[in-house]
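> For reference, the structure I am asking about is given below.
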Amino acid sequence: MEKILTSKTKVRFQDCDPFNHLNNSKYIDYMMNAREDHLIKHYDLNVYDEAKNKGISWVVGSNQLLYVSPATNMETVLIETQLIKYSAKNLTVEMTMWDEQRKRLKALLWSTFVHFNLKEKKAHSHNPEFLDLFEKVVLPVEQTTFDARSRFLAVQYARAS
């Protein structure tokens, strides 16, 4: 099973600010949409079906987002997502946005998701099937904090330029 999932998308006019840059809030939208598509395509996991059919899903507990360079109107961007950490009730996913050739980092996002029982309105432990999937696809990063990861990618990006 692939651990780093990728897709490309085009930055749309309606998502841009007056400078023709992707609006700050839209970075999260683009990366979350990519992650949802990645889960369906690569792991046959539809979080909306889980919510509808089982009454469980994931809610965002926190986001940490670093803007590195602007994504611009009609630019094709590459989005990568990967599970970097999991526990009985939480997931941490790293999402990165790059230029189409994956030479320039646009943004880094760490999202922590809480597994949630919608009927009971409280955190819910992952079932064994999910834990098995997570064990197969998790790809931890060496850096344990968002700031350390940001610095690491900044150094890597500087070397590549």
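Naming scheme: A, B, ... for chains in displayed order of the structure tokens; residues 1 onward per chain; ligands 1 onward as shown.
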I'd like the neighbourhood of region 120-122 of chain A as a VMD selection string, where a residue qualifies if any of its atoms comes within 10 Å (using only C-alpha atoms), though same-chain residues fewer than 4 positions away should be ignored.

chain A and resid 55 to 56 114 to 116

> Kindly export the residues of the current selection with N, CA and C atoms, as a short mmCIF file (atom, residue, chain, number, x, y, z; two decimals), in the first residue's frame.


```cif
data_model
loop_
_atom_site.label_atom_id
_atom_site.label_comp_id
_atom_site.auth_asym_id
_atom_site.auth_seq_id
_atom_site.Cartn_x
_atom_site.Cartn_y
_atom_site.Cartn_z
N GLY A 55 -22.20 5.93 11.94
CA GLY A 55 -22.29 6.97 12.97
C GLY A 55 -20.96 7.34 13.58
N ILE A 56 -19.86 7.01 12.89
CA ILE A 56 -18.53 7.38 13.36
C ILE A 56 -17.76 8.03 12.22
N VAL A 114 -9.71 13.61 15.38
CA VAL A 114 -10.22 12.82 16.50
C VAL A 114 -11.30 11.89 15.95
N HIS A 115 -11.16 10.60 16.24
CA HIS A 115 -12.19 9.64 15.86
C HIS A 115 -13.39 9.90 16.76
N PHE A 116 -14.56 10.04 16.16
CA PHE A 116 -15.69 10.60 16.89
C PHE A 116 -16.96 9.79 16.64
#
```

> List the spatial neighbours of region 57-70 of chain A as a PyMOL selection string - criterion: any atom at most 10 Å away, only C-alpha atoms, same-chain residues fewer than 5 positions off excluded.

chain A and resi 19-24+27-28+46-52+89-99+104-118+123-124+126+146-147+150+154

> Can you pull out the residues contacting Phe134 (chain A)? Cut-off 10 Å, using only C-alpha atoms, and skip same-chain residues under 6 positions away; I want them as a compact mmCIF listing (two decimals) with N, CA and C atoms, in the first residue's frame.


```
# COMPACT_ATOMS: atom_id res chain seq x y z
N LYS A 3 2.10 4.87 0.85
CA LYS A 3 2.06 5.63 2.10
C LYS A 3 1.99 7.14 1.85
N LEU A 83 -0.23 9.71 6.48
CA LEU A 83 -0.46 9.52 7.91
C LEU A 83 0.91 9.45 8.58
N ILE A 84 1.15 10.35 9.53
CA ILE A 84 2.46 10.35 10.19
C ILE A 84 2.42 9.82 11.62
N LYS A 85 1.20 9.74 12.18
CA LYS A 85 1.09 9.27 13.56
C LYS A 85 -0.35 8.87 13.82
N TYR A 86 -0.55 7.86 14.66
CA TYR A 86 -1.90 7.50 15.07
C TYR A 86 -1.89 6.94 16.48
N SER A 87 -3.05 6.98 17.10
CA SER A 87 -3.25 6.39 18.43
C SER A 87 -4.64 5.78 18.46
N LEU A 91 -5.52 10.69 14.80
CA LEU A 91 -4.65 10.56 13.63
C LEU A 91 -3.97 11.90 13.41
N HIS A 126 -10.64 3.70 17.71
CA HIS A 126 -10.60 3.07 16.40
C HIS A 126 -10.84 1.58 16.53
N PRO A 128 -10.36 -2.45 15.28
CA PRO A 128 -9.14 -3.18 14.86
C PRO A 128 -8.84 -3.07 13.36
```

> Could you give me the residues within region 47-135 of chain A that DSSP places in strand (DSSP E), as a PyMOL selection string?

chain A and resi 56-67+76-86+90-99+105-117+122-123

> Quote the spacing between CA of Lys54 (chain A) and CA of Met31 (chain A) in Å to one decimal place.

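Going from CA of Lys54 (chain A) over to CA of Met31 (chain A), I get 25.2 Å.
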
> By how many Å are CA of Asp29 (chain A) and CA of Glu142 (chain A) apart?

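These atoms are spaced 26.4 Å apart.
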
> So how many Å separate CA of Tyr30 (chain A) and CA of Ser7 (chain A), to one decimal?

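Result for CA of Tyr30 (chain A) versus CA of Ser7 (chain A): 10.8 Å, one decimal.
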